[in-house]
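Structure data follow from my_file.pdb (PDB, C-alpha atoms, pLDDT in the B column):
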ATOM      1  CA  ALA A   1      -2.760   3.503  18.044  1.00 78.00           C
ATOM      2  CA  GLN A   2      -2.334   7.006  19.331  1.00 87.00           C
ATOM      3  CA  SER A   3      -5.186   9.443  18.881  1.00 92.00           C
ATOM      4  CA  VAL A   4      -6.399  12.875  19.895  1.00 96.00           C
ATOM      5  CA  ALA A   5      -9.904  14.288  20.034  1.00 97.00           C
ATOM      6  CA  GLN A   6     -11.062  17.877  19.843  1.00 98.00           C
ATOM      7  CA  PRO A   7     -14.603  17.852  21.229  1.00 96.00           C
ATOM      8  CA  GLU A   8     -15.584  21.319  19.959  1.00 97.00           C
ATOM      9  CA  ASP A   9     -15.884  22.091  16.253  1.00 96.00           C
ATOM     10  CA  GLN A  10     -16.163  25.802  16.993  1.00 97.00           C
ATOM     11  CA  VAL A  11     -15.335  28.147  19.863  1.00 98.00           C
ATOM     12  CA  ASN A  12     -16.429  31.783  20.028  1.00 98.00           C
ATOM     13  CA  VAL A  13     -14.795  34.227  22.439  1.00 97.00           C
ATOM     14  CA  ALA A  14     -15.032  37.977  22.894  1.00 98.00           C
ATOM     15  CA  GLU A  15     -11.845  39.941  22.331  1.00 97.00           C
ATOM     16  CA  GLY A  16      -9.935  40.429  25.580  1.00 97.00           C
ATOM     17  CA  ASN A  17     -11.484  37.396  27.261  1.00 98.00           C
ATOM     18  CA  PRO A  18      -9.510  34.240  28.053  1.00 97.00           C
ATOM     19  CA  LEU A  19      -9.795  31.411  25.579  1.00 97.00           C
ATOM     20  CA  THR A  20      -9.543  27.631  25.854  1.00 98.00           C
ATOM     21  CA  VAL A  21      -9.442  25.116  23.023  1.00 98.00           C
ATOM     22  CA  LYS A  22      -9.854  21.570  24.265  1.00 98.00           C
ATOM     23  CA  CYS A  23      -7.935  18.416  23.355  1.00 98.00           C
ATOM     24  CA  THR A  24      -7.942  14.952  24.886  1.00 97.00           C
ATOM     25  CA  TYR A  25      -5.536  12.187  24.001  1.00 95.00           C
ATOM     26  CA  SER A  26      -5.277   8.426  24.000  1.00 93.00           C
ATOM     27  CA  VAL A  27      -1.755   7.024  23.914  1.00 88.00           C
ATOM     28  CA  SER A  28       0.277   4.082  25.054  1.00 85.00           C
ATOM     29  CA  GLY A  29       3.426   5.222  26.754  1.00 83.00           C
ATOM     30  CA  ASN A  30       4.520   8.810  27.177  1.00 83.00           C
ATOM     31  CA  PRO A  31       2.579  11.297  25.059  1.00 88.00           C
ATOM     32  CA  TYR A  32       4.298  13.742  22.735  1.00 90.00           C
ATOM     33  CA  LEU A  33       1.646  16.401  22.090  1.00 94.00           C
ATOM     34  CA  PHE A  34       1.518  19.399  19.797  1.00 95.00           C
ATOM     35  CA  TRP A  35      -0.669  22.353  18.884  1.00 97.00           C
ATOM     36  CA  TYR A  36      -0.690  23.844  15.407  1.00 96.00           C
ATOM     37  CA  VAL A  37      -2.662  26.774  13.963  1.00 97.00           C
ATOM     38  CA  GLN A  38      -3.877  27.173  10.396  1.00 95.00           C
ATOM     39  CA  TYR A  39      -4.869  30.514   8.911  1.00 92.00           C
ATOM     40  CA  PRO A  40      -6.968  30.662   5.710  1.00 84.00           C
ATOM     41  CA  ASN A  41      -5.096  29.411   2.644  1.00 75.00           C
ATOM     42  CA  ARG A  42      -2.007  28.749   4.738  1.00 79.00           C
ATOM     43  CA  GLY A  43      -0.177  25.702   5.994  1.00 85.00           C
ATOM     44  CA  LEU A  44       0.113  24.700   9.621  1.00 92.00           C
ATOM     45  CA  GLN A  45       2.132  26.837  11.989  1.00 94.00           C
ATOM     46  CA  PHE A  46       3.686  25.265  15.077  1.00 93.00           C
ATOM     47  CA  LEU A  47       2.513  26.795  18.370  1.00 95.00           C
ATOM     48  CA  LEU A  48       3.893  24.589  21.140  1.00 95.00           C
ATOM     49  CA  LYS A  49       4.682  21.064  22.232  1.00 92.00           C
ATOM     50  CA  TYR A  50       4.749  18.893  25.325  1.00 93.00           C
ATOM     51  CA  ILE A  51       7.475  16.261  25.494  1.00 86.00           C
ATOM     52  CA  THR A  52       8.213  15.975  29.186  1.00 81.00           C
ATOM     53  CA  GLY A  53       8.695  18.220  32.204  1.00 83.00           C
ATOM     54  CA  ASP A  54       6.466  21.062  33.339  1.00 88.00           C
ATOM     55  CA  ASN A  55       2.773  20.541  32.796  1.00 92.00           C
ATOM     56  CA  LEU A  56       2.332  24.152  31.663  1.00 95.00           C
ATOM     57  CA  VAL A  57       3.918  24.695  28.282  1.00 95.00           C
ATOM     58  CA  LYS A  58       4.415  28.163  26.835  1.00 96.00           C
ATOM     59  CA  GLY A  59       4.414  28.732  23.104  1.00 95.00           C
ATOM     60  CA  SER A  60       4.204  31.312  20.359  1.00 92.00           C
ATOM     61  CA  TYR A  61       1.915  34.389  20.238  1.00 93.00           C
ATOM     62  CA  GLY A  62       1.128  34.224  23.963  1.00 95.00           C
ATOM     63  CA  PHE A  63      -0.434  30.765  23.845  1.00 97.00           C
ATOM     64  CA  GLU A  64       0.125  28.126  26.487  1.00 97.00           C
ATOM     65  CA  ALA A  65      -1.140  24.614  27.060  1.00 97.00           C
ATOM     66  CA  GLU A  66      -1.748  22.589  30.180  1.00 96.00           C
ATOM     67  CA  PHE A  67      -0.894  18.900  30.185  1.00 96.00           C
ATOM     68  CA  ASN A  68      -3.097  16.910  32.574  1.00 95.00           C
ATOM     69  CA  LYS A  69      -2.186  13.253  32.829  1.00 93.00           C
ATOM     70  CA  SER A  70      -5.083  12.220  35.047  1.00 94.00           C
ATOM     71  CA  GLN A  71      -7.626  13.748  32.669  1.00 95.00           C
ATOM     72  CA  THR A  72      -5.615  12.844  29.537  1.00 95.00           C
ATOM     73  CA  SER A  73      -6.042  16.398  28.314  1.00 97.00           C
ATOM     74  CA  PHE A  74      -3.851  19.013  26.663  1.00 97.00           C
ATOM     75  CA  HIS A  75      -5.954  22.170  26.444  1.00 98.00           C
ATOM     76  CA  LEU A  76      -4.709  25.267  24.634  1.00 98.00           C
ATOM     77  CA  LYS A  77      -5.148  28.554  26.477  1.00 98.00           C
ATOM     78  CA  LYS A  78      -4.538  32.272  26.169  1.00 98.00           C
ATOM     79  CA  PRO A  79      -5.271  34.828  28.897  1.00 97.00           C
ATOM     80  CA  SER A  80      -6.552  37.568  26.574  1.00 97.00           C
ATOM     81  CA  ALA A  81      -7.828  36.797  23.075  1.00 97.00           C
ATOM     82  CA  LEU A  82      -7.096  38.939  20.021  1.00 97.00           C
ATOM     83  CA  VAL A  83      -9.199  39.159  16.864  1.00 96.00           C
ATOM     84  CA  SER A  84      -6.099  38.014  14.979  1.00 95.00           C
ATOM     85  CA  ASP A  85      -6.214  34.709  16.916  1.00 96.00           C
ATOM     86  CA  SER A  86      -9.217  33.688  14.814  1.00 96.00           C
ATOM     87  CA  ALA A  87      -8.108  30.565  12.938  1.00 96.00           C
ATOM     88  CA  LEU A  88      -8.313  26.777  12.825  1.00 97.00           C
ATOM     89  CA  TYR A  89      -6.469  24.999  15.638  1.00 98.00           C
ATOM     90  CA  PHE A  90      -5.226  21.416  15.547  1.00 98.00           C
ATOM     91  CA  CYS A  91      -4.048  19.199  18.355  1.00 97.00           C
ATOM     92  CA  ALA A  92      -1.686  16.380  17.359  1.00 96.00           C
ATOM     93  CA  VAL A  93       0.154  13.456  18.916  1.00 93.00           C
ATOM     94  CA  ARG A  94       3.328  11.763  17.742  1.00 89.00           C
ATOM     95  CA  ASP A  95       2.550   8.179  16.812  1.00 80.00           C
ATOM     96  CA  GLY A  96       5.053   5.644  17.936  1.00 67.00           C
ATOM     97  CA  GLN A  97       8.372   5.577  19.647  1.00 60.00           C
ATOM     98  CA  GLY A  98      10.957   7.341  17.544  1.00 56.00           C
ATOM     99  CA  ALA A  99       8.487   7.862  14.717  1.00 62.00           C
ATOM    100  CA  GLN A 100       7.646  11.274  13.464  1.00 75.00           C
ATOM    101  CA  LYS A 101       4.201  10.521  12.122  1.00 87.00           C
ATOM    102  CA  LEU A 102       1.715  12.974  13.591  1.00 91.00           C
ATOM    103  CA  VAL A 103      -1.912  12.064  14.207  1.00 93.00           C
ATOM    104  CA  PHE A 104      -4.167  15.125  14.174  1.00 96.00           C
ATOM    105  CA  GLY A 105      -7.533  15.919  15.650  1.00 97.00           C
ATOM    106  CA  GLN A 106     -10.388  17.199  13.511  1.00 96.00           C
ATOM    107  CA  GLY A 107      -9.639  20.797  14.357  1.00 97.00           C
ATOM    108  CA  THR A 108     -11.444  23.569  16.230  1.00 98.00           C
ATOM    109  CA  ARG A 109     -12.403  26.811  14.559  1.00 97.00           C
ATOM    110  CA  LEU A 110     -11.740  29.686  16.943  1.00 97.00           C
ATOM    111  CA  THR A 111     -13.537  32.955  16.312  1.00 97.00           C
ATOM    112  CA  ILE A 112     -12.688  36.041  18.343  1.00 97.00           C
ATOM    113  CA  ASN A 113     -15.424  38.655  18.227  1.00 96.00           C
ATOM    114  CA  PRO A 114     -14.465  42.350  18.479  1.00 94.00           C
TER     115      PRO A 114
ATOM    116  CA  ASP B   1      16.424  31.164   6.201  1.00 58.00           C
ATOM    117  CA  ALA B   2      13.722  29.852   3.886  1.00 71.00           C
ATOM    118  CA  GLY B   3      11.025  27.735   5.403  1.00 91.00           C
ATOM    119  CA  VAL B   4       9.308  24.800   3.748  1.00 95.00           C
ATOM    120  CA  THR B   5       8.224  25.624   0.209  1.00 95.00           C
ATOM    121  CA  GLN B   6       5.749  23.785  -2.004  1.00 96.00           C
ATOM    122  CA  SER B   7       4.755  24.032  -5.647  1.00 96.00           C
ATOM    123  CA  PRO B   8       2.430  24.557  -7.293  1.00 96.00           C
ATOM    124  CA  THR B   9       0.039  26.502  -5.073  1.00 95.00           C
ATOM    125  CA  HIS B  10      -3.070  25.302  -6.867  1.00 95.00           C
ATOM    126  CA  LEU B  11      -3.716  22.548  -9.379  1.00 96.00           C
ATOM    127  CA  ILE B  12      -6.780  21.388 -11.273  1.00 98.00           C
ATOM    128  CA  LYS B  13      -6.850  17.925 -12.822  1.00 97.00           C
ATOM    129  CA  THR B  14      -9.473  15.560 -14.197  1.00 97.00           C
ATOM    130  CA  ARG B  15     -10.260  12.046 -13.052  1.00 98.00           C
ATOM    131  CA  GLY B  16      -7.751   9.451 -14.216  1.00 97.00           C
ATOM    132  CA  GLN B  17      -4.910  11.912 -14.668  1.00 98.00           C
ATOM    133  CA  GLN B  18      -1.616  11.875 -12.814  1.00 98.00           C
ATOM    134  CA  VAL B  19      -0.161  14.691 -10.717  1.00 98.00           C
ATOM    135  CA  THR B  20       3.231  15.548  -9.183  1.00 98.00           C
ATOM    136  CA  LEU B  21       3.588  17.890  -6.232  1.00 98.00           C
ATOM    137  CA  ARG B  22       6.917  19.261  -5.057  1.00 98.00           C
ATOM    138  CA  CYS B  23       8.407  20.212  -1.702  1.00 98.00           C
ATOM    139  CA  SER B  24      11.651  21.802  -0.566  1.00 97.00           C
ATOM    140  CA  PRO B  25      12.394  21.310   3.125  1.00 95.00           C
ATOM    141  CA  LYS B  26      13.531  23.920   5.594  1.00 93.00           C
ATOM    142  CA  SER B  27      17.259  24.521   5.381  1.00 92.00           C
ATOM    143  CA  GLY B  28      19.165  21.915   7.380  1.00 89.00           C
ATOM    144  CA  HIS B  29      16.301  19.423   7.545  1.00 91.00           C
ATOM    145  CA  ASP B  30      16.743  15.892   6.220  1.00 91.00           C
ATOM    146  CA  THR B  31      13.280  14.334   6.585  1.00 92.00           C
ATOM    147  CA  VAL B  32      10.139  15.089   4.596  1.00 94.00           C
ATOM    148  CA  SER B  33       6.618  13.960   5.436  1.00 95.00           C
ATOM    149  CA  TRP B  34       3.497  14.360   3.327  1.00 97.00           C
ATOM    150  CA  TYR B  35      -0.046  14.832   4.628  1.00 97.00           C
ATOM    151  CA  GLN B  36      -3.449  15.038   2.978  1.00 98.00           C
ATOM    152  CA  GLN B  37      -5.991  17.455   4.428  1.00 96.00           C
ATOM    153  CA  ALA B  38      -9.496  17.006   3.071  1.00 95.00           C
ATOM    154  CA  LEU B  39     -11.966  19.859   3.498  1.00 91.00           C
ATOM    155  CA  GLY B  40     -13.085  20.150   7.118  1.00 89.00           C
ATOM    156  CA  GLN B  41     -10.701  17.454   8.321  1.00 92.00           C
ATOM    157  CA  GLY B  42      -7.397  17.271  10.106  1.00 94.00           C
ATOM    158  CA  PRO B  43      -4.292  16.350   8.105  1.00 96.00           C
ATOM    159  CA  GLN B  44      -3.697  12.633   7.517  1.00 96.00           C
ATOM    160  CA  PHE B  45      -0.213  11.149   7.180  1.00 95.00           C
ATOM    161  CA  ILE B  46       0.636   9.764   3.749  1.00 97.00           C
ATOM    162  CA  PHE B  47       4.328   8.844   4.044  1.00 95.00           C
ATOM    163  CA  GLN B  48       7.738  10.007   5.171  1.00 93.00           C
ATOM    164  CA  TYR B  49      11.100  10.058   3.387  1.00 94.00           C
ATOM    165  CA  TYR B  50      14.602   9.999   4.801  1.00 91.00           C
ATOM    166  CA  GLU B  51      17.845   9.342   2.914  1.00 90.00           C
ATOM    167  CA  GLU B  52      15.848   8.943  -0.290  1.00 93.00           C
ATOM    168  CA  GLU B  53      13.830   6.038   1.078  1.00 93.00           C
ATOM    169  CA  GLU B  54      10.273   5.732   2.270  1.00 92.00           C
ATOM    170  CA  ARG B  55      10.598   5.321   5.996  1.00 89.00           C
ATOM    171  CA  GLN B  56       6.984   5.104   7.086  1.00 89.00           C
ATOM    172  CA  ARG B  57       3.621   4.985   5.326  1.00 92.00           C
ATOM    173  CA  GLY B  58       0.071   5.747   6.316  1.00 92.00           C
ATOM    174  CA  ASN B  59      -3.104   4.094   5.110  1.00 93.00           C
ATOM    175  CA  PHE B  60      -3.017   5.293   1.506  1.00 97.00           C
ATOM    176  CA  PRO B  61      -3.208   3.181  -1.671  1.00 96.00           C
ATOM    177  CA  ASP B  62      -0.265   2.498  -3.947  1.00 96.00           C
ATOM    178  CA  ARG B  63      -1.541   5.210  -6.298  1.00 97.00           C
ATOM    179  CA  PHE B  64       0.263   7.534  -3.919  1.00 98.00           C
ATOM    180  CA  SER B  65       4.012   7.378  -4.332  1.00 97.00           C
ATOM    181  CA  GLY B  66       6.913   9.612  -3.569  1.00 97.00           C
ATOM    182  CA  HIS B  67      10.537  10.353  -4.008  1.00 96.00           C
ATOM    183  CA  GLN B  68      13.274  12.175  -2.144  1.00 97.00           C
ATOM    184  CA  PHE B  69      16.269  13.641  -3.921  1.00 96.00           C
ATOM    185  CA  PRO B  70      19.876  13.939  -2.669  1.00 96.00           C
ATOM    186  CA  ASN B  71      19.241  17.612  -1.804  1.00 94.00           C
ATOM    187  CA  TYR B  72      16.376  16.407   0.499  1.00 95.00           C
ATOM    188  CA  SER B  73      13.617  17.874  -1.666  1.00 97.00           C
ATOM    189  CA  SER B  74      10.691  15.587  -2.327  1.00 97.00           C
ATOM    190  CA  GLU B  75       7.898  14.828  -4.763  1.00 98.00           C
ATOM    191  CA  LEU B  76       4.470  13.330  -4.197  1.00 98.00           C
ATOM    192  CA  ASN B  77       2.924  11.530  -7.160  1.00 98.00           C
ATOM    193  CA  VAL B  78      -0.687  10.487  -7.401  1.00 98.00           C
ATOM    194  CA  ASN B  79      -1.827   8.276 -10.283  1.00 97.00           C
ATOM    195  CA  ALA B  80      -5.319   7.592 -11.593  1.00 97.00           C
ATOM    196  CA  LEU B  81      -6.814  10.551  -9.779  1.00 98.00           C
ATOM    197  CA  LEU B  82     -10.200  10.191  -8.125  1.00 97.00           C
ATOM    198  CA  LEU B  83     -12.624  12.914  -7.117  1.00 97.00           C
ATOM    199  CA  GLY B  84     -11.855  12.017  -3.500  1.00 96.00           C
ATOM    200  CA  ASP B  85      -8.221  12.973  -3.967  1.00 98.00           C
ATOM    201  CA  SER B  86      -9.257  16.634  -3.956  1.00 97.00           C
ATOM    202  CA  ALA B  87      -7.557  18.087  -0.884  1.00 97.00           C
ATOM    203  CA  LEU B  88      -4.817  20.315   0.459  1.00 96.00           C
ATOM    204  CA  TYR B  89      -1.520  18.431   0.353  1.00 97.00           C
ATOM    205  CA  LEU B  90       0.919  19.490   3.033  1.00 97.00           C
ATOM    206  CA  CYS B  91       4.622  18.850   3.198  1.00 96.00           C
ATOM    207  CA  ALA B  92       6.450  18.922   6.523  1.00 95.00           C
ATOM    208  CA  SER B  93      10.161  18.807   7.194  1.00 93.00           C
ATOM    209  CA  SER B  94      12.202  17.946  10.260  1.00 89.00           C
ATOM    210  CA  LEU B  95      15.444  16.431  11.449  1.00 86.00           C
ATOM    211  CA  LEU B  96      15.180  12.683  11.906  1.00 77.00           C
ATOM    212  CA  TRP B  97      17.271  12.642  15.068  1.00 71.00           C
ATOM    213  CA  ARG B  98      15.045  15.343  16.587  1.00 68.00           C
ATOM    214  CA  THR B  99      11.845  13.405  16.628  1.00 58.00           C
ATOM    215  CA  ASP B 100       9.636  16.263  17.624  1.00 67.00           C
ATOM    216  CA  THR B 101       8.756  19.410  15.760  1.00 84.00           C
ATOM    217  CA  GLN B 102       7.700  19.238  12.134  1.00 89.00           C
ATOM    218  CA  TYR B 103       7.499  22.454  10.119  1.00 91.00           C
ATOM    219  CA  PHE B 104       4.838  22.658   7.454  1.00 94.00           C
ATOM    220  CA  GLY B 105       4.737  24.309   4.071  1.00 95.00           C
ATOM    221  CA  PRO B 106       1.786  26.343   2.752  1.00 94.00           C
ATOM    222  CA  GLY B 107       0.367  23.357   0.893  1.00 95.00           C
ATOM    223  CA  THR B 108      -0.817  22.572  -2.624  1.00 96.00           C
ATOM    224  CA  ARG B 109      -4.557  22.729  -3.233  1.00 96.00           C
ATOM    225  CA  LEU B 110      -5.490  19.898  -5.652  1.00 97.00           C
ATOM    226  CA  THR B 111      -8.916  19.895  -7.263  1.00 97.00           C
ATOM    227  CA  VAL B 112      -9.982  16.831  -9.248  1.00 97.00           C
ATOM    228  CA  LEU B 113     -12.915  17.338 -11.622  1.00 96.00           C
TER     229      LEU B 113
END
Would you kindly transcribe this structure into structure tokens?
Amino acid sequence: AQSVAQPEDQVNVAEGNPLTVKCTYSVSGNPYLFWYVQYPNRGLQFLLKYITGDNLVKGSYGFEAEFNKSQTSFHLKKPSALVSDSALYFCAVRDGQGAQKLVFGQGTRLTINP
Amino acid sequence: DAGVTQSPTHLIKTRGQQVTLRCSPKSGHDTVSWYQQALGQGPQFIFQYYEEEERQRGNFPDRFSGHQFPNYSSELNVNALLLGDSALYLCASSLLWRTDTQYFGPGTRLTVL
């Protein structure tokens, strides 16, 4: 079965500094990977996805993610953090060929300090 | 263009009761998936509906059932509620032939007392 792991429950970054939220995956076949963000009392908002192609994927709100096949990682990055980026971030993988079931990590709480 | 909508926003029930949650997909979408997000956890897949049939199911008991209507909206029913059913229930919609991005609604917060 496909799975993702987010090794950090919490990440704290100063405003203006670069941020990284880590995700590693375990899949059979080609991975279809996603990042979602969840603000308090809100549903999940789609940030970006990797299906195939360039290893650097650009998404919403200035976020990007780097797919690394050799390290089985898909880390979320942003060059300069904003206080408004503070939220819960989830990495997910599509489970199965042609299936749309998503398997999520446990989430990482990102806090940007002013 | 309306996104995914869910109702109600919050719900409080007691053990043993039954509950129905509702979801309207994003305009143009034909597939609805339901997820359960317990406090401090990532969402877990319950099931998915397409053309009014359950297409795929996660590891949830038969107390969890669903329905999809001809207009693609969907309901999630949970019978014989347990305290452990307390969670945020998320609905996601997508196009079946585009097996990638799912768009999520704001969720229904269910509290079982």
Need to verify the contact set: B:Pro25, 7 Å, only C-alpha atoms, exclusion of same-chain residues closer than 4 positions in sequence. Can you return it as a VMD selection string?
chain B and resid 3 to 5 29 32 72 to 73 93
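Atom pair atom CA of A:Thr111 / atom CA of A:Lys49: separated by 22.5 Å.
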Set the cut-off to 12 Å and count all atoms listed in the file: what are the residues of chain A that reach chain B? Output as a PDB file with C-alpha atoms, in the coordinates of the input.
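Result written to result-v5.pdb:
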ATOM      1  CA  SER A   3      -5.186   9.443  18.881  1.00 92.00           C
ATOM      2  CA  VAL A   4      -6.399  12.875  19.895  1.00 96.00           C
ATOM      3  CA  ALA A   5      -9.904  14.288  20.034  1.00 97.00           C
ATOM      4  CA  GLN A   6     -11.062  17.877  19.843  1.00 98.00           C
ATOM      5  CA  ASP A   9     -15.884  22.091  16.253  1.00 96.00           C
ATOM      6  CA  GLN A  10     -16.163  25.802  16.993  1.00 97.00           C
ATOM      7  CA  PRO A  31       2.579  11.297  25.059  1.00 88.00           C
ATOM      8  CA  TYR A  32       4.298  13.742  22.735  1.00 90.00           C
ATOM      9  CA  LEU A  33       1.646  16.401  22.090  1.00 94.00           C
ATOM     10  CA  PHE A  34       1.518  19.399  19.797  1.00 95.00           C
ATOM     11  CA  TRP A  35      -0.669  22.353  18.884  1.00 97.00           C
ATOM     12  CA  TYR A  36      -0.690  23.844  15.407  1.00 96.00           C
ATOM     13  CA  VAL A  37      -2.662  26.774  13.963  1.00 97.00           C
ATOM     14  CA  GLN A  38      -3.877  27.173  10.396  1.00 95.00           C
ATOM     15  CA  TYR A  39      -4.869  30.514   8.911  1.00 92.00           C
ATOM     16  CA  PRO A  40      -6.968  30.662   5.710  1.00 84.00           C
ATOM     17  CA  ASN A  41      -5.096  29.411   2.644  1.00 75.00           C
ATOM     18  CA  ARG A  42      -2.007  28.749   4.738  1.00 79.00           C
ATOM     19  CA  GLY A  43      -0.177  25.702   5.994  1.00 85.00           C
ATOM     20  CA  LEU A  44       0.113  24.700   9.621  1.00 92.00           C
ATOM     21  CA  GLN A  45       2.132  26.837  11.989  1.00 94.00           C
ATOM     22  CA  PHE A  46       3.686  25.265  15.077  1.00 93.00           C
ATOM     23  CA  LEU A  47       2.513  26.795  18.370  1.00 95.00           C
ATOM     24  CA  LEU A  48       3.893  24.589  21.140  1.00 95.00           C
ATOM     25  CA  LYS A  49       4.682  21.064  22.232  1.00 92.00           C
ATOM     26  CA  TYR A  50       4.749  18.893  25.325  1.00 93.00           C
ATOM     27  CA  ILE A  51       7.475  16.261  25.494  1.00 86.00           C
ATOM     28  CA  THR A  52       8.213  15.975  29.186  1.00 81.00           C
ATOM     29  CA  LEU A  88      -8.313  26.777  12.825  1.00 97.00           C
ATOM     30  CA  TYR A  89      -6.469  24.999  15.638  1.00 98.00           C
ATOM     31  CA  PHE A  90      -5.226  21.416  15.547  1.00 98.00           C
ATOM     32  CA  CYS A  91      -4.048  19.199  18.355  1.00 97.00           C
ATOM     33  CA  ALA A  92      -1.686  16.380  17.359  1.00 96.00           C
ATOM     34  CA  VAL A  93       0.154  13.456  18.916  1.00 93.00           C
ATOM     35  CA  ARG A  94       3.328  11.763  17.742  1.00 89.00           C
ATOM     36  CA  ASP A  95       2.550   8.179  16.812  1.00 80.00           C
ATOM     37  CA  GLY A  96       5.053   5.644  17.936  1.00 67.00           C
ATOM     38  CA  GLN A  97       8.372   5.577  19.647  1.00 60.00           C
ATOM     39  CA  GLY A  98      10.957   7.341  17.544  1.00 56.00           C
ATOM     40  CA  ALA A  99       8.487   7.862  14.717  1.00 62.00           C
ATOM     41  CA  GLN A 100       7.646  11.274  13.464  1.00 75.00           C
ATOM     42  CA  LYS A 101       4.201  10.521  12.122  1.00 87.00           C
ATOM     43  CA  LEU A 102       1.715  12.974  13.591  1.00 91.00           C
ATOM     44  CA  VAL A 103      -1.912  12.064  14.207  1.00 93.00           C
ATOM     45  CA  PHE A 104      -4.167  15.125  14.174  1.00 96.00           C
ATOM     46  CA  GLY A 105      -7.533  15.919  15.650  1.00 97.00           C
ATOM     47  CA  GLN A 106     -10.388  17.199  13.511  1.00 96.00           C
ATOM     48  CA  GLY A 107      -9.639  20.797  14.357  1.00 97.00           C
ATOM     49  CA  THR A 108     -11.444  23.569  16.230  1.00 98.00           C
ATOM     50  CA  ARG A 109     -12.403  26.811  14.559  1.00 97.00           C
TER      51      ARG A 109
END
Could you check how far atom CA of B:Phe60 sits from atom CA of B:Leu83, in Å to one decimal?
15.0 Å
What would the selection look like, as a JSON list (two decimals) with C-alpha atoms, in the frame of the given file, if the PyMOL selection byres ((chain A and resi 13) around 8) were run on the coordinates I just shared?
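Result written to selection_29.json:
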[["chain", "number", "residue", "atom", "x", "y", "z"],
["A", 11, "VAL", "CA", -15.34, 28.15, 19.86],
["A", 12, "ASN", "CA", -16.43, 31.78, 20.03],
["A", 14, "ALA", "CA", -15.03, 37.98, 22.89],
["A", 15, "GLU", "CA", -11.84, 39.94, 22.33],
["A", 17, "ASN", "CA", -11.48, 37.40, 27.26],
["A", 18, "PRO", "CA", -9.51, 34.24, 28.05],
["A", 19, "LEU", "CA", -9.80, 31.41, 25.58],
["A", 81, "ALA", "CA", -7.83, 36.80, 23.08],
["A", 110, "LEU", "CA", -11.74, 29.69, 16.94],
["A", 111, "THR", "CA", -13.54, 32.96, 16.31],
["A", 112, "ILE", "CA", -12.69, 36.04, 18.34],
["A", 113, "ASN", "CA", -15.42, 38.66, 18.23]]
Spatial neighbours of A:Thr20, max dist 8 Å, all atoms listed in the file, sep filter under 2 positions, as a PyMOL selection string
chain A and resi 18+22+75-78
Go ahead and save the residues from that selection, with C-alpha atoms, as a tab-separated table (two decimals), in the coordinates of the input.
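That gives us again.tsv:
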chain	number	residue	atom	x	y	z
A	18	PRO	CA	-9.51	34.24	28.05
A	22	LYS	CA	-9.85	21.57	24.26
A	75	HIS	CA	-5.95	22.17	26.44
A	76	LEU	CA	-4.71	25.27	24.63
A	77	LYS	CA	-5.15	28.55	26.48
A	78	LYS	CA	-4.54	32.27	26.17
Determine the residue membership of the PyMOL selection byres ((chain B and resi 86) around 10) for the file above and supply it as a PyMOL selection string.
chain B and resi 11-13+36-39+81-85+87-89+109-113
So which residues get picked by the PyMOL selection byres ((chain A and resi 68) around 12) here, written as a PyMOL selection string?
chain A and resi 22-25+31+33+50+52-57+65-67+69-76
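One distance worth recording is that between atom CA of B:Asp30 and atom CA of B:Tyr50, which is 6.4 Å.
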Per-axis box centre and lengths in Å around stretch 109-112 of chain B, 5 Å margin per side, axis-aligned, as lines of an AutoDock Vina configuration file:
center_x = -7.3
center_y = 19.8
center_z = -6.2
size_x = 15.4
size_y = 15.9
size_z = 16.0
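With only C-alpha atoms as the atoms that count, the minimum distance from A:Ser28 to the choices A:Glu8, A:Gly16, A:Pro79, A:Gln2 is reached by A:Gln2.
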Name the residues within 8 Å of (3.4, 9.4, -3.2), counting all atoms listed in the file in the file's coordinates, and put them as a VMD selection string.
chain B and resid 46 to 47 62 to 67 75 to 78
Limited to C-alpha atoms, could you put the picked residues into a file as an mmCIF file, in the frame of the given file?
data_model
loop_
_atom_site.group_PDB
_atom_site.id
_atom_site.type_symbol
_atom_site.label_atom_id
_atom_site.label_comp_id
_atom_site.auth_asym_id
_atom_site.auth_seq_id
_atom_site.Cartn_x
_atom_site.Cartn_y
_atom_site.Cartn_z
ATOM 1 C CA ILE B 46 0.636 9.764 3.749
ATOM 2 C CA PHE B 47 4.328 8.844 4.044
ATOM 3 C CA ASP B 62 -0.265 2.498 -3.947
ATOM 4 C CA ARG B 63 -1.541 5.210 -6.298
ATOM 5 C CA PHE B 64 0.263 7.534 -3.919
ATOM 6 C CA SER B 65 4.012 7.378 -4.332
ATOM 7 C CA GLY B 66 6.913 9.612 -3.569
ATOM 8 C CA HIS B 67 10.537 10.353 -4.008
ATOM 9 C CA GLU B 75 7.898 14.828 -4.763
ATOM 10 C CA LEU B 76 4.470 13.330 -4.197
ATOM 11 C CA ASN B 77 2.924 11.530 -7.160
ATOM 12 C CA VAL B 78 -0.687 10.487 -7.401
#
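Distance check against B:Ser27 using all atoms listed in the file: of B:Ala80, B:Ala2, B:Phe69, B:Ser74, the minimum falls on B:Ala2.
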